[in-house]
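Q: Pasting start-v2.pdb here (PDB, C-alpha atoms, pLDDT in the B column):
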```pdb
ATOM      1  CA  MET V 252       0.000   0.000   0.000  1.00 58.00           C
ATOM      2  CA  ASP V 253       1.277   3.514  -0.798  1.00 63.00           C
ATOM      3  CA  ARG V 254       1.716   5.428   2.411  1.00 74.00           C
ATOM      4  CA  LEU V 255      -0.252   8.619   2.457  1.00 85.00           C
ATOM      5  CA  GLY V 256       0.843  11.682   4.376  1.00 87.00           C
ATOM      6  CA  SER V 257      -1.852  13.408   6.397  1.00 88.00           C
ATOM      7  CA  PHE V 258      -2.060  16.349   3.991  1.00 92.00           C
ATOM      8  CA  GLU V 259      -2.110  13.988   1.010  1.00 93.00           C
ATOM      9  CA  GLU V 260      -5.030  12.180   2.587  1.00 93.00           C
ATOM     10  CA  LEU V 261      -6.932  15.423   3.158  1.00 93.00           C
ATOM     11  CA  VAL V 262      -6.371  16.494  -0.442  1.00 95.00           C
ATOM     12  CA  LEU V 263      -7.469  13.067  -1.672  1.00 95.00           C
ATOM     13  CA  ILE V 264     -10.681  13.277   0.369  1.00 95.00           C
ATOM     14  CA  VAL V 265     -11.479  16.742  -0.984  1.00 95.00           C
ATOM     15  CA  VAL V 266     -10.772  15.663  -4.568  1.00 96.00           C
ATOM     16  CA  GLY V 267     -13.160  12.740  -4.031  1.00 95.00           C
ATOM     17  CA  ARG V 268     -15.848  15.033  -2.624  1.00 94.00           C
ATOM     18  CA  GLN V 269     -15.582  17.395  -5.566  1.00 94.00           C
ATOM     19  CA  ALA V 270     -16.345  14.504  -7.925  1.00 91.00           C
ATOM     20  CA  GLY V 271     -14.163  15.455 -10.869  1.00 89.00           C
ATOM     21  CA  GLU V 272     -15.037  19.153 -10.690  1.00 91.00           C
ATOM     22  CA  GLY V 273     -12.211  20.008  -8.334  1.00 93.00           C
ATOM     23  CA  TYR V 274      -9.126  21.974  -9.304  1.00 94.00           C
ATOM     24  CA  ALA V 275      -6.395  23.572  -7.201  1.00 95.00           C
ATOM     25  CA  VAL V 276      -8.431  26.668  -6.338  1.00 93.00           C
ATOM     26  CA  THR V 277     -11.507  24.740  -5.150  1.00 94.00           C
ATOM     27  CA  VAL V 278      -9.421  22.097  -3.361  1.00 96.00           C
ATOM     28  CA  ARG V 279      -7.564  24.816  -1.493  1.00 95.00           C
ATOM     29  CA  ALA V 280     -10.773  26.657  -0.594  1.00 92.00           C
ATOM     30  CA  ALA V 281     -12.382  23.482   0.791  1.00 93.00           C
ATOM     31  CA  LEU V 282      -9.295  22.614   2.840  1.00 92.00           C
ATOM     32  CA  GLU V 283      -8.977  26.102   4.281  1.00 90.00           C
ATOM     33  CA  ARG V 284     -12.639  26.047   5.263  1.00 88.00           C
ATOM     34  CA  ASP V 285     -12.429  22.684   6.956  1.00 85.00           C
ATOM     35  CA  ILE V 286      -9.085  22.947   8.703  1.00 81.00           C
ATOM     36  CA  ALA V 287      -9.316  26.705   9.413  1.00 75.00           C
ATOM     37  CA  ASP V 288      -5.796  27.452   8.253  1.00 81.00           C
ATOM     38  CA  THR V 289      -4.097  29.173   5.323  1.00 86.00           C
ATOM     39  CA  ILE V 290      -2.674  26.945   2.618  1.00 90.00           C
ATOM     40  CA  SER V 291      -0.563  28.043  -0.315  1.00 91.00           C
ATOM     41  CA  LEU V 292      -1.468  27.130  -3.867  1.00 92.00           C
ATOM     42  CA  GLY V 293       2.036  25.723  -4.294  1.00 92.00           C
ATOM     43  CA  ALA V 294       1.469  23.207  -1.480  1.00 93.00           C
ATOM     44  CA  VAL V 295      -1.820  22.099  -3.032  1.00 95.00           C
ATOM     45  CA  TYR V 296      -0.269  21.653  -6.472  1.00 95.00           C
ATOM     46  CA  ALA V 297       2.745  19.794  -5.090  1.00 94.00           C
ATOM     47  CA  THR V 298       0.426  17.384  -3.283  1.00 95.00           C
ATOM     48  CA  LEU V 299      -1.838  16.893  -6.290  1.00 96.00           C
ATOM     49  CA  ASP V 300       1.231  16.162  -8.425  1.00 94.00           C
ATOM     50  CA  ARG V 301       2.452  13.550  -5.933  1.00 94.00           C
ATOM     51  CA  LEU V 302      -0.971  11.931  -5.832  1.00 95.00           C
ATOM     52  CA  GLU V 303      -1.024  11.812  -9.612  1.00 95.00           C
ATOM     53  CA  GLU V 304       2.452  10.225  -9.684  1.00 93.00           C
ATOM     54  CA  LYS V 305       1.109   7.578  -7.308  1.00 94.00           C
ATOM     55  CA  ALA V 306      -1.842   7.102  -9.705  1.00 94.00           C
ATOM     56  CA  LEU V 307      -4.302   7.952  -6.943  1.00 96.00           C
ATOM     57  CA  VAL V 308      -5.758  10.848  -8.964  1.00 96.00           C
ATOM     58  CA  ARG V 309      -5.773  11.741 -12.623  1.00 95.00           C
ATOM     59  CA  SER V 310      -6.050  15.155 -14.196  1.00 93.00           C
ATOM     60  CA  SER V 311      -7.597  16.673 -17.277  1.00 92.00           C
ATOM     61  CA  VAL V 312      -7.551  20.167 -18.683  1.00 89.00           C
ATOM     62  CA  GLY V 313     -10.638  22.231 -19.491  1.00 84.00           C
ATOM     63  CA  GLY V 314     -12.988  24.895 -18.139  1.00 76.00           C
ATOM     64  CA  ALA V 315     -11.546  28.121 -19.541  1.00 79.00           C
ATOM     65  CA  THR V 316     -13.592  31.049 -18.213  1.00 77.00           C
ATOM     66  CA  PRO V 317     -13.475  34.864 -18.581  1.00 77.00           C
ATOM     67  CA  ASP V 318     -12.574  35.394 -14.918  1.00 75.00           C
ATOM     68  CA  ARG V 319      -9.446  33.369 -15.590  1.00 78.00           C
ATOM     69  CA  GLY V 320      -8.561  35.439 -18.646  1.00 75.00           C
ATOM     70  CA  GLY V 321      -9.732  32.585 -20.844  1.00 79.00           C
ATOM     71  CA  ARG V 322      -7.189  30.189 -19.339  1.00 85.00           C
ATOM     72  CA  SER V 323      -8.040  26.575 -18.724  1.00 87.00           C
ATOM     73  CA  LYS V 324      -8.149  24.715 -15.422  1.00 90.00           C
ATOM     74  CA  ARG V 325      -6.624  21.389 -14.482  1.00 92.00           C
ATOM     75  CA  PHE V 326      -9.369  19.202 -12.980  1.00 94.00           C
ATOM     76  CA  PHE V 327      -8.560  16.273 -10.724  1.00 95.00           C
ATOM     77  CA  GLN V 328     -10.531  13.142  -9.947  1.00 95.00           C
ATOM     78  CA  LEU V 329      -9.925  10.007  -7.939  1.00 95.00           C
ATOM     79  CA  THR V 330      -8.811   6.848  -9.654  1.00 95.00           C
ATOM     80  CA  ALA V 331      -9.994   3.447  -8.491  1.00 95.00           C
ATOM     81  CA  LYS V 332      -6.646   3.097  -6.741  1.00 94.00           C
ATOM     82  CA  GLY V 333      -7.267   6.414  -4.978  1.00 94.00           C
ATOM     83  CA  VAL V 334     -10.690   5.259  -3.776  1.00 94.00           C
ATOM     84  CA  ALA V 335      -9.118   2.041  -2.505  1.00 94.00           C
ATOM     85  CA  ALA V 336      -6.348   3.958  -0.729  1.00 93.00           C
ATOM     86  CA  LEU V 337      -8.879   6.149   1.081  1.00 92.00           C
ATOM     87  CA  SER V 338     -10.938   3.155   2.082  1.00 91.00           C
ATOM     88  CA  GLN V 339      -7.842   1.419   3.395  1.00 91.00           C
ATOM     89  CA  MET V 340      -6.806   4.489   5.434  1.00 89.00           C
ATOM     90  CA  GLU V 341     -10.262   4.609   6.954  1.00 88.00           C
ATOM     91  CA  GLN V 342     -10.056   0.964   8.006  1.00 89.00           C
ATOM     92  CA  ILE V 343      -6.578   1.445   9.477  1.00 86.00           C
ATOM     93  CA  ARG V 344      -7.759   4.451  11.441  1.00 85.00           C
ATOM     94  CA  ALA V 345     -10.799   2.571  12.744  1.00 87.00           C
ATOM     95  CA  ARG V 346      -8.573  -0.318  13.931  1.00 87.00           C
ATOM     96  CA  LEU V 347      -6.121   2.038  15.613  1.00 84.00           C
ATOM     97  CA  VAL V 348      -8.851   4.060  17.328  1.00 84.00           C
ATOM     98  CA  ALA V 349     -10.628   0.902  18.474  1.00 82.00           C
ATOM     99  CA  GLY V 350      -7.546  -0.162  20.378  1.00 71.00           C
ATOM    100  CA  SER V 351      -6.817   3.221  21.927  1.00 68.00           C
ATOM    101  CA  MET V 352      -8.002   5.573  24.636  1.00 62.00           C
ATOM    102  CA  LEU V 353      -9.792   7.643  21.964  1.00 58.00           C
ATOM    103  CA  ARG V 354     -12.717   5.257  21.856  1.00 54.00           C
ATOM    104  CA  ALA V 355     -15.747   6.850  23.485  1.00 51.00           C
TER     105      ALA V 355
ATOM    106  CA  MET M 120       0.039  43.993  -9.674  1.00 54.00           C
ATOM    107  CA  ARG M 121      -1.472  41.125 -11.653  1.00 64.00           C
ATOM    108  CA  ARG M 122       0.991  41.720 -14.448  1.00 73.00           C
ATOM    109  CA  LEU M 123       3.847  41.437 -11.992  1.00 77.00           C
ATOM    110  CA  HIS M 124       2.452  38.117 -10.734  1.00 81.00           C
ATOM    111  CA  GLU M 125       2.279  36.924 -14.299  1.00 83.00           C
ATOM    112  CA  ARG M 126       5.836  37.988 -15.080  1.00 83.00           C
ATOM    113  CA  PHE M 127       7.232  36.079 -12.107  1.00 82.00           C
ATOM    114  CA  LEU M 128       5.283  32.974 -13.035  1.00 86.00           C
ATOM    115  CA  ARG M 129       6.210  33.098 -16.717  1.00 86.00           C
ATOM    116  CA  ALA M 130       9.880  33.420 -15.765  1.00 83.00           C
ATOM    117  CA  LEU M 131      10.024  30.724 -13.106  1.00 84.00           C
ATOM    118  CA  VAL M 132       7.330  28.037 -13.292  1.00 87.00           C
ATOM    119  CA  ARG M 133       6.955  24.984 -15.484  1.00 87.00           C
ATOM    120  CA  ARG M 134       6.056  25.944 -19.015  1.00 87.00           C
ATOM    121  CA  ASP M 135       3.445  23.215 -19.317  1.00 87.00           C
ATOM    122  CA  ARG M 136       1.568  24.620 -16.315  1.00 89.00           C
ATOM    123  CA  VAL M 137       2.107  28.371 -16.592  1.00 89.00           C
ATOM    124  CA  ASP M 138      -1.246  29.288 -18.162  1.00 88.00           C
ATOM    125  CA  GLU M 139      -3.258  27.228 -15.646  1.00 90.00           C
ATOM    126  CA  LEU M 140      -1.338  28.741 -12.752  1.00 92.00           C
ATOM    127  CA  ILE M 141      -1.815  32.291 -14.029  1.00 89.00           C
ATOM    128  CA  GLY M 142      -5.511  31.505 -14.473  1.00 88.00           C
ATOM    129  CA  ASP M 143      -5.747  30.268 -10.875  1.00 90.00           C
ATOM    130  CA  LEU M 144      -4.065  33.390  -9.540  1.00 87.00           C
ATOM    131  CA  GLU M 145      -6.282  35.617 -11.640  1.00 83.00           C
ATOM    132  CA  GLU M 146      -9.340  33.870 -10.243  1.00 83.00           C
ATOM    133  CA  GLU M 147      -8.070  34.154  -6.672  1.00 84.00           C
ATOM    134  CA  SER M 148      -6.744  37.700  -6.829  1.00 79.00           C
ATOM    135  CA  ALA M 149     -10.270  39.090  -6.905  1.00 72.00           C
ATOM    136  CA  LEU M 150     -11.004  37.399  -3.557  1.00 75.00           C
ATOM    137  CA  ARG M 151      -7.706  37.545  -1.712  1.00 79.00           C
ATOM    138  CA  GLY M 152      -5.484  40.484  -0.913  1.00 75.00           C
ATOM    139  CA  ASP M 153      -2.098  41.274  -2.427  1.00 75.00           C
ATOM    140  CA  ALA M 154      -0.155  39.661   0.420  1.00 77.00           C
ATOM    141  CA  ALA M 155      -2.001  36.352  -0.001  1.00 82.00           C
ATOM    142  CA  CYS M 156      -1.472  36.434  -3.756  1.00 84.00           C
ATOM    143  CA  TRP M 157       2.238  37.070  -3.355  1.00 84.00           C
ATOM    144  CA  ARG M 158       2.467  34.121  -0.955  1.00 87.00           C
ATOM    145  CA  ASP M 159       0.874  32.012  -3.669  1.00 89.00           C
ATOM    146  CA  VAL M 160       3.249  33.378  -6.317  1.00 88.00           C
ATOM    147  CA  VAL M 161       6.279  32.518  -4.164  1.00 86.00           C
ATOM    148  CA  SER M 162       4.942  29.043  -3.340  1.00 89.00           C
ATOM    149  CA  LEU M 163       4.205  28.313  -6.995  1.00 90.00           C
ATOM    150  CA  CYS M 164       7.623  29.583  -8.132  1.00 86.00           C
ATOM    151  CA  LEU M 165       9.273  27.245  -5.636  1.00 83.00           C
ATOM    152  CA  ARG M 166       7.059  24.195  -5.966  1.00 86.00           C
ATOM    153  CA  GLN M 167       6.234  24.347  -9.654  1.00 86.00           C
ATOM    154  CA  SER M 168       9.624  25.627 -10.688  1.00 83.00           C
ATOM    155  CA  ARG M 169      10.967  24.874 -14.129  1.00 80.00           C
ATOM    156  CA  PHE M 170      14.385  24.646 -12.458  1.00 72.00           C
ATOM    157  CA  ARG M 171      15.340  21.903 -10.074  1.00 66.00           C
ATOM    158  CA  VAL M 172      15.658  23.436  -6.627  1.00 59.00           C
ATOM    159  CA  ALA M 173      17.334  21.406  -3.896  1.00 62.00           C
ATOM    160  CA  PRO M 174      15.069  21.163  -0.814  1.00 61.00           C
ATOM    161  CA  GLU M 175      17.717  22.771   1.403  1.00 63.00           C
ATOM    162  CA  CYS M 176      17.794  25.836  -0.874  1.00 65.00           C
ATOM    163  CA  ARG M 177      14.053  26.315  -0.924  1.00 61.00           C
ATOM    164  CA  ALA M 178      13.828  28.047   2.457  1.00 62.00           C
ATOM    165  CA  LEU M 179      16.526  30.527   1.477  1.00 66.00           C
ATOM    166  CA  LEU M 180      14.928  31.166  -1.912  1.00 63.00           C
ATOM    167  CA  ALA M 181      11.559  31.695  -0.222  1.00 62.00           C
ATOM    168  CA  VAL M 182      13.056  34.342   2.060  1.00 65.00           C
ATOM    169  CA  VAL M 183      14.728  36.119  -0.862  1.00 67.00           C
ATOM    170  CA  ALA M 184      11.589  35.992  -3.000  1.00 61.00           C
ATOM    171  CA  LEU M 185       9.351  37.222  -0.182  1.00 62.00           C
ATOM    172  CA  GLY M 186      11.763  40.025   0.572  1.00 64.00           C
ATOM    173  CA  ALA M 187      11.658  41.104  -3.066  1.00 63.00           C
ATOM    174  CA  ALA M 188       7.863  40.906  -3.011  1.00 57.00           C
ATOM    175  CA  VAL M 189       7.684  43.105   0.108  1.00 57.00           C
ATOM    176  CA  VAL M 190       9.882  45.715  -1.568  1.00 57.00           C
ATOM    177  CA  VAL M 191       7.691  45.654  -4.652  1.00 56.00           C
ATOM    178  CA  MET M 192       4.497  45.865  -2.611  1.00 55.00           C
ATOM    179  CA  GLU M 193       5.652  48.762  -0.430  1.00 55.00           C
ATOM    180  CA  PRO M 194       2.786  51.208  -0.911  1.00 54.00           C
ATOM    181  CA  ALA M 195       3.688  54.585  -2.339  1.00 55.00           C
ATOM    182  CA  PRO M 196       2.250  57.510  -0.385  1.00 63.00           C
ATOM    183  CA  ILE M 197      -0.051  59.997  -2.103  1.00 73.00           C
ATOM    184  CA  GLN M 198       1.768  63.270  -2.588  1.00 78.00           C
ATOM    185  CA  THR M 199       0.218  66.558  -3.611  1.00 81.00           C
ATOM    186  CA  VAL M 200       2.493  69.015  -5.365  1.00 84.00           C
ATOM    187  CA  VAL M 201       1.553  72.648  -5.828  1.00 85.00           C
ATOM    188  CA  ALA M 202       3.208  74.548  -8.662  1.00 87.00           C
ATOM    189  CA  GLN M 203       2.803  77.855 -10.409  1.00 85.00           C
ATOM    190  CA  ASP M 204       3.844  79.484 -13.633  1.00 86.00           C
ATOM    191  CA  ALA M 205       2.859  82.627 -15.505  1.00 86.00           C
ATOM    192  CA  ALA M 206      -0.497  81.110 -16.541  1.00 86.00           C
ATOM    193  CA  GLY M 207      -1.532  80.308 -12.984  1.00 87.00           C
ATOM    194  CA  SER M 208      -1.289  77.679 -10.294  1.00 87.00           C
ATOM    195  CA  PHE M 209      -1.898  73.966 -10.580  1.00 88.00           C
ATOM    196  CA  THR M 210      -1.671  70.978  -8.277  1.00 87.00           C
ATOM    197  CA  LEU M 211      -0.854  67.372  -9.086  1.00 86.00           C
ATOM    198  CA  ALA M 212      -1.696  64.388  -6.891  1.00 83.00           C
ATOM    199  CA  PHE M 213       0.873  61.608  -7.247  1.00 80.00           C
ATOM    200  CA  PHE M 214       0.687  57.973  -6.271  1.00 75.00           C
ATOM    201  CA  GLY M 215       4.293  56.943  -6.701  1.00 74.00           C
ATOM    202  CA  ARG M 216       5.154  58.082 -10.193  1.00 77.00           C
ATOM    203  CA  SER M 217       1.544  58.177 -11.401  1.00 78.00           C
ATOM    204  CA  VAL M 218      -0.511  61.338 -11.596  1.00 81.00           C
ATOM    205  CA  ILE M 219      -3.918  60.453 -10.143  1.00 79.00           C
ATOM    206  CA  GLY M 220      -5.487  63.903 -10.030  1.00 83.00           C
ATOM    207  CA  ALA M 221      -4.948  67.515 -10.975  1.00 87.00           C
ATOM    208  CA  THR M 222      -6.405  70.946 -10.431  1.00 87.00           C
ATOM    209  CA  MET M 223      -5.833  74.112 -12.412  1.00 87.00           C
ATOM    210  CA  ASN M 224      -6.395  77.476 -10.840  1.00 84.00           C
ATOM    211  CA  GLY M 225      -8.288  75.782  -8.046  1.00 83.00           C
ATOM    212  CA  GLU M 226     -10.601  73.738 -10.258  1.00 85.00           C
ATOM    213  CA  ALA M 227     -10.426  69.984 -10.577  1.00 85.00           C
ATOM    214  CA  VAL M 228      -9.390  68.705 -14.000  1.00 86.00           C
ATOM    215  CA  PRO M 229     -11.727  65.954 -15.272  1.00 85.00           C
ATOM    216  CA  ARG M 230     -10.021  62.580 -15.553  1.00 77.00           C
ATOM    217  CA  GLY M 231     -10.531  62.400 -19.302  1.00 81.00           C
ATOM    218  CA  ARG M 232      -8.312  65.436 -19.728  1.00 87.00           C
ATOM    219  CA  VAL M 233      -5.274  63.801 -18.105  1.00 85.00           C
ATOM    220  CA  SER M 234      -3.346  61.437 -20.347  1.00 84.00           C
ATOM    221  CA  ARG M 235       0.015  59.757 -20.097  1.00 83.00           C
ATOM    222  CA  SER M 236       2.489  58.386 -22.590  1.00 82.00           C
ATOM    223  CA  GLY M 237       5.638  56.997 -21.045  1.00 80.00           C
ATOM    224  CA  ASP M 238       7.007  59.659 -18.715  1.00 83.00           C
ATOM    225  CA  VAL M 239       5.093  62.487 -20.366  1.00 87.00           C
ATOM    226  CA  VAL M 240       1.772  63.612 -18.879  1.00 87.00           C
ATOM    227  CA  MET M 241      -0.561  65.918 -20.786  1.00 88.00           C
ATOM    228  CA  ILE M 242      -3.220  67.864 -18.914  1.00 89.00           C
ATOM    229  CA  ARG M 243      -5.669  69.611 -21.205  1.00 89.00           C
ATOM    230  CA  ALA M 244      -7.090  72.783 -19.796  1.00 87.00           C
ATOM    231  CA  ALA M 245     -10.422  74.409 -20.632  1.00 82.00           C
ATOM    232  CA  THR M 246      -8.539  76.586 -23.094  1.00 82.00           C
ATOM    233  CA  SER M 247      -5.680  75.101 -25.097  1.00 81.00           C
ATOM    234  CA  HIS M 248      -3.087  77.766 -24.364  1.00 82.00           C
ATOM    235  CA  LEU M 249      -3.251  76.679 -20.732  1.00 84.00           C
ATOM    236  CA  ASP M 250      -2.527  72.987 -21.505  1.00 89.00           C
ATOM    237  CA  LEU M 251       0.219  71.505 -19.382  1.00 89.00           C
ATOM    238  CA  ARG M 252       2.861  69.145 -20.667  1.00 89.00           C
ATOM    239  CA  LEU M 253       5.093  67.709 -17.986  1.00 89.00           C
ATOM    240  CA  ARG M 254       7.665  64.976 -17.663  1.00 88.00           C
ATOM    241  CA  ILE M 255       7.710  62.708 -14.603  1.00 85.00           C
ATOM    242  CA  ILE M 256      11.236  62.326 -13.278  1.00 81.00           C
ATOM    243  CA  GLY M 257      10.537  60.559  -9.981  1.00 76.00           C
ATOM    244  CA  ARG M 258       7.967  59.908  -7.300  1.00 74.00           C
ATOM    245  CA  GLY M 259       6.118  63.203  -6.955  1.00 76.00           C
ATOM    246  CA  THR M 260       8.697  65.095  -9.030  1.00 80.00           C
ATOM    247  CA  PHE M 261       8.384  66.448 -12.527  1.00 85.00           C
ATOM    248  CA  GLU M 262       9.544  69.154 -14.851  1.00 86.00           C
ATOM    249  CA  TRP M 263       7.509  71.216 -17.280  1.00 86.00           C
ATOM    250  CA  GLU M 264       7.853  74.131 -19.643  1.00 83.00           C
ATOM    251  CA  GLY M 265       6.284  77.144 -18.049  1.00 83.00           C
ATOM    252  CA  ARG M 266       3.184  78.390 -19.790  1.00 85.00           C
ATOM    253  CA  SER M 267       2.769  82.027 -20.724  1.00 81.00           C
ATOM    254  CA  ARG M 268      -0.082  84.252 -19.564  1.00 74.00           C
TER     255      ARG M 268
END
```
Please go through the file and, once you have read it, give me the structure as structure tokens.

A:
Amino acid sequence: MDRLGSFEELVLIVVGRQAGEGYAVTVRAALERDIADTISLGAVYATLDRLEEKALVRSSVGGATPDRGGRSKRFFQLTAKGVAALSQMEQIRARLVAGSMLRA
Amino acid sequence: MRRLHERFLRALVRRDRVDELIGDLEEESALRGDAACWRDVVSLCLRQSRFRVAPECRALLAVVALGAAVVVMEPAPIQTVVAQDAAGSFTLAFFGRSVIGATMNGEAVPRGRVSRSGDVVMIRAATSHLDLRLRIIGRGTFEWEGRSR
């Protein structure tokens, strides 16, 4: 299994939630909302690139709009391997929490 | 400011990504302030660089790039300069090297009558013999040929 860093996992979750409509700007906005912290675009892109190298996401170009000066966006979506990786992380977390003091 | 963002990105980031990245910044710059946009520019120049940057150099490069960005962003004060020649008095309001307002003999000059080409600023008066032609030589400084009465 590819090990996922915590930020990689968060980005992967957000990409999954945005169902193929997500690009760096929307991924960043969702992360900043949920974790209440500032994130640079460079960090988001670096993470998306790593996830794509691991074949956990794939990208496609499209969506040029006037507010972007007619420039296209790079959309990201989960691959089947990415879905499996997220599912696996969830199971690992559940096992770890079950055996710890965190269990309610 | 946007053009400066674009120039940095075109010089430093991956060529295959430059248009997308400029598009992202353009979309974000309407919502975020200049400081946030410059942070993004620096992070993109470092993390999407067309040059290979060793990890240990990135922190130093980030400091240098941010320092340069702070110098560039330093806001210019608004300066008002009062001048007089034989045709009467006029004032110019400067923002850095840009003339942002003018009065002639106490009356505001409409914006459409102030034009600029390079360092030369033309201010058209109500009557043509009172037109002003001046050359900007620095922040809030200029020279002009005195008009006659």

Q: Can you tell me which residues surround stretch 267-274 of chain V at a distance of at most 7 Å, considering all atoms listed in the file, apart from same-chain residues fewer than 4 positions away, and format the answer as a PyMOL selection string?

A: chain V and resi 263+278+324-329

Q: Keeping only C-alpha atoms, write the selected residues as a short mmCIF file (atom, residue, chain, number, x, y, z; two decimals), in the coordinates of the input.

A:
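Contents of the output file result-v6.cif:
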```cif
data_model
loop_
_atom_site.label_atom_id
_atom_site.label_comp_id
_atom_site.auth_asym_id
_atom_site.auth_seq_id
_atom_site.Cartn_x
_atom_site.Cartn_y
_atom_site.Cartn_z
CA LEU V 263 -7.47 13.07 -1.67
CA VAL V 278 -9.42 22.10 -3.36
CA LYS V 324 -8.15 24.72 -15.42
CA ARG V 325 -6.62 21.39 -14.48
CA PHE V 326 -9.37 19.20 -12.98
CA PHE V 327 -8.56 16.27 -10.72
CA GLN V 328 -10.53 13.14 -9.95
CA LEU V 329 -9.93 10.01 -7.94
#
```

Q: What residues come out when you apply the PyMOL selection byres ((chain M) within 6 of (chain V)) to this file, written as number ranges by chain?

A: M: 139, 142, 145-146, 159, 162-163, 166

Q: Output C-alpha atoms for every residue in the selection just made, as a compact mmCIF listing (two decimals), in the frame of the given file.

A:
```txt
# COMPACT_ATOMS: atom_id res chain seq x y z
CA GLU M 139 -3.26 27.23 -15.65
CA GLY M 142 -5.51 31.50 -14.47
CA GLU M 145 -6.28 35.62 -11.64
CA GLU M 146 -9.34 33.87 -10.24
CA ASP M 159 0.87 32.01 -3.67
CA SER M 162 4.94 29.04 -3.34
CA LEU M 163 4.20 28.31 -7.00
CA ARG M 166 7.06 24.20 -5.97
```

Q: For this structure, which residues satisfy the selection - the PyMOL selection byres ((chain M and resi 238-250) around 12) - when it is evaluated on the file as given? I want them as number ranges by chain.

A: M: 204-211, 213, 216-224, 226-237, 251-258, 260-268

Q: Quick one: pull the distance between atom CA of V:Leu255 and atom CA of V:Gln339, Å, one decimal.

A: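 Computing the Euclidean distance for atom CA of V:Leu255 and atom CA of V:Gln339 yields 10.5 Å.
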
Q: Can you tell me, as a PDB file with C-alpha atoms, in the frame of the given file, which residues sit within 12 Å of (-3.7, 10.6, -7.2) in the file's frame, using all atoms listed in the file?

A:
```
ATOM      1  CA  ASP V 253       1.277   3.514  -0.798  1.00 63.00           C
ATOM      2  CA  LEU V 255      -0.252   8.619   2.457  1.00 85.00           C
ATOM      3  CA  GLU V 259      -2.110  13.988   1.010  1.00 93.00           C
ATOM      4  CA  GLU V 260      -5.030  12.180   2.587  1.00 93.00           C
ATOM      5  CA  LEU V 261      -6.932  15.423   3.158  1.00 93.00           C
ATOM      6  CA  VAL V 262      -6.371  16.494  -0.442  1.00 95.00           C
ATOM      7  CA  LEU V 263      -7.469  13.067  -1.672  1.00 95.00           C
ATOM      8  CA  ILE V 264     -10.681  13.277   0.369  1.00 95.00           C
ATOM      9  CA  VAL V 265     -11.479  16.742  -0.984  1.00 95.00           C
ATOM     10  CA  VAL V 266     -10.772  15.663  -4.568  1.00 96.00           C
ATOM     11  CA  GLY V 267     -13.160  12.740  -4.031  1.00 95.00           C
ATOM     12  CA  TYR V 296      -0.269  21.653  -6.472  1.00 95.00           C
ATOM     13  CA  ALA V 297       2.745  19.794  -5.090  1.00 94.00           C
ATOM     14  CA  THR V 298       0.426  17.384  -3.283  1.00 95.00           C
ATOM     15  CA  LEU V 299      -1.838  16.893  -6.290  1.00 96.00           C
ATOM     16  CA  ASP V 300       1.231  16.162  -8.425  1.00 94.00           C
ATOM     17  CA  ARG V 301       2.452  13.550  -5.933  1.00 94.00           C
ATOM     18  CA  LEU V 302      -0.971  11.931  -5.832  1.00 95.00           C
ATOM     19  CA  GLU V 303      -1.024  11.812  -9.612  1.00 95.00           C
ATOM     20  CA  GLU V 304       2.452  10.225  -9.684  1.00 93.00           C
ATOM     21  CA  LYS V 305       1.109   7.578  -7.308  1.00 94.00           C
ATOM     22  CA  ALA V 306      -1.842   7.102  -9.705  1.00 94.00           C
ATOM     23  CA  LEU V 307      -4.302   7.952  -6.943  1.00 96.00           C
ATOM     24  CA  VAL V 308      -5.758  10.848  -8.964  1.00 96.00           C
ATOM     25  CA  ARG V 309      -5.773  11.741 -12.623  1.00 95.00           C
ATOM     26  CA  SER V 310      -6.050  15.155 -14.196  1.00 93.00           C
ATOM     27  CA  PHE V 326      -9.369  19.202 -12.980  1.00 94.00           C
ATOM     28  CA  PHE V 327      -8.560  16.273 -10.724  1.00 95.00           C
ATOM     29  CA  GLN V 328     -10.531  13.142  -9.947  1.00 95.00           C
ATOM     30  CA  LEU V 329      -9.925  10.007  -7.939  1.00 95.00           C
ATOM     31  CA  THR V 330      -8.811   6.848  -9.654  1.00 95.00           C
ATOM     32  CA  ALA V 331      -9.994   3.447  -8.491  1.00 95.00           C
ATOM     33  CA  LYS V 332      -6.646   3.097  -6.741  1.00 94.00           C
ATOM     34  CA  GLY V 333      -7.267   6.414  -4.978  1.00 94.00           C
ATOM     35  CA  VAL V 334     -10.690   5.259  -3.776  1.00 94.00           C
ATOM     36  CA  ALA V 335      -9.118   2.041  -2.505  1.00 94.00           C
ATOM     37  CA  ALA V 336      -6.348   3.958  -0.729  1.00 93.00           C
ATOM     38  CA  LEU V 337      -8.879   6.149   1.081  1.00 92.00           C
TER      39      LEU V 337
END
```

Q: What is the atom CA of M:Gly215 to atom CA of M:Asp153 distance in Å?

A: 17.5 Å

Q: So what does the PyMOL selection byres ((chain M and resi 132) around 6) actually pick up in this one, as a list in words?

A: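 Matching residues under the PyMOL selection byres ((chain M and resi 132) around 6) are Leu128, Leu131, Arg133, Cys164, Gln167, Ser168 and Arg169 of chain M.
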
Q: What does the distance between atom CA of M:Gly152 and atom CA of M:Arg134 come to in Å, to one decimal place?

A: 25.9 Å

Q: From the list M:Gly259, M:Phe214, M:Ala155, M:Val160, which residue is nearest M:Arg126 when using only C-alpha atoms?

A: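 Looking only at the distances to M:Arg126, the closest residue turns out to be M:Val160.
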
Q: Could you tell me which of V:Ala345, V:Ile286, V:Ser338, V:Ala280 comes closest to M:Asp143 if we count only C-alpha atoms?

A: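 Of all the options, V:Ala280 lies closest to M:Asp143.
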
Q: Is it possible to get the axis-aligned box enclosing stretch 338-346 of chain V (all listed atoms, 6 Å extra per side) as AutoDock Vina command-line options, with centre and edge lengths in Å rounded to one decimal?

A:
```
--center_x -8.8 --center_y 2.1 --center_z 8.0 --size_x 16.4 --size_y 16.9 --size_z 23.8
```
